[in-house]
Amino acid sequence: VLVGAGGLGLNAIHMLRALGHRRIVSVDVSAGKLDAARAAGATETVLGSADGAETTRAIVAACGGPAMAVIDLVNGSATARFAFDALGKGGKLIQVGLFGGEVTVPLPIMAIRALTLQGSYVGSLADLRAVMGLAQTGRLAALPVTTAPMPEANAVLERLRDGKVTGRVVLKAEAA
């Protein structure tokens, strides 16, 4: 399960597909981003809601049971909660995004269900080499990229903040 279908989420879908994963569930609050996730290769999508319990139920239904792995590319309080709650026994939640917040974890549940909660910010040099190797084989698809002139940087940042960017935006300097 991937939480967040922005640029990083689409990259993650492409990576999982290139590594041979056949079932990828993408979760986002934007129907448009979920369309992009399906086009990138997500096999199931879940439209997140303000009701975290409802989102958890939808994730479990999309997975055909509790999830064994969730990568939270948003990493906010709400996403961490529903992602944690969707895990099955022996499941692993990897927190990547830097949105921020806090989550309370029921400690007995961690032991009873043998759950792993892990943070990840950057990989190793060996990880980078592996990704470059996949890219060189042509098995990684390109992300959608749009361009905008440099003077529109603040507007682009606002669109990013509001979740209205699919893929990546490249700012271009004006010709001198």
# chains A, B, ... in the order shown; residues from 1 in each chain; ligands from 1

call {"tool": "residues_around", "arguments": {"residues": "Gly52 of chain A", "least_positions_apart": "5", "cutoff": "9 Å", "atoms": "only C-alpha atoms", "output": "PyMOL selection string"}}
result
chain A and resi 57+78-79+81-83

call {"tool": "atom_distance", "arguments": {"atom1": "atom CA of Val156 of chain A", "atom2": "atom CA of Val70 of chain A"}}
result
28.8 Å

call {"tool": "closest_residue", "arguments": {"among": "A:Leu117, A:Ala142, A:Leu10, A:Leu157", "to": "Lys92 of chain A", "atoms": "only C-alpha atoms"}}
result
A:Leu117

call {"tool": "residues_around", "arguments": {"residues": "segment 163-171 of chain A", "least_positions_apart": "4", "cutoff": "10 Å", "atoms": "only C-alpha atoms", "output": "PyMOL selection string"}}
result
chain A and resi 4-11+28-30+32-37+142-153+156-159

call {"tool": "select_by_dssp", "arguments": {"residues": "segment 105-147 of chain A", "states": "strand (DSSP E)", "output": "list of chain:residue names"}}
result
A:Thr116, A:Leu117, A:Gln118, A:Gly119, A:Val145, A:Thr146, A:Thr147

call {"tool": "residues_around", "arguments": {"residues": "segment 94-108 of chain A", "least_positions_apart": "3", "cutoff": "9 Å", "atoms": "only C-alpha atoms", "output": "list in words"}}
result
Ala69, Val70, Ile71, Asp72, Leu73, Val74, Asn75, Gly76, Ser77, Ala78, Ala80, Arg81, Phe84, Ala111, Ile112, Arg113, Thr116, Leu117, Gln118, Gly119, Ser120, Tyr121 and Val122 of chain A
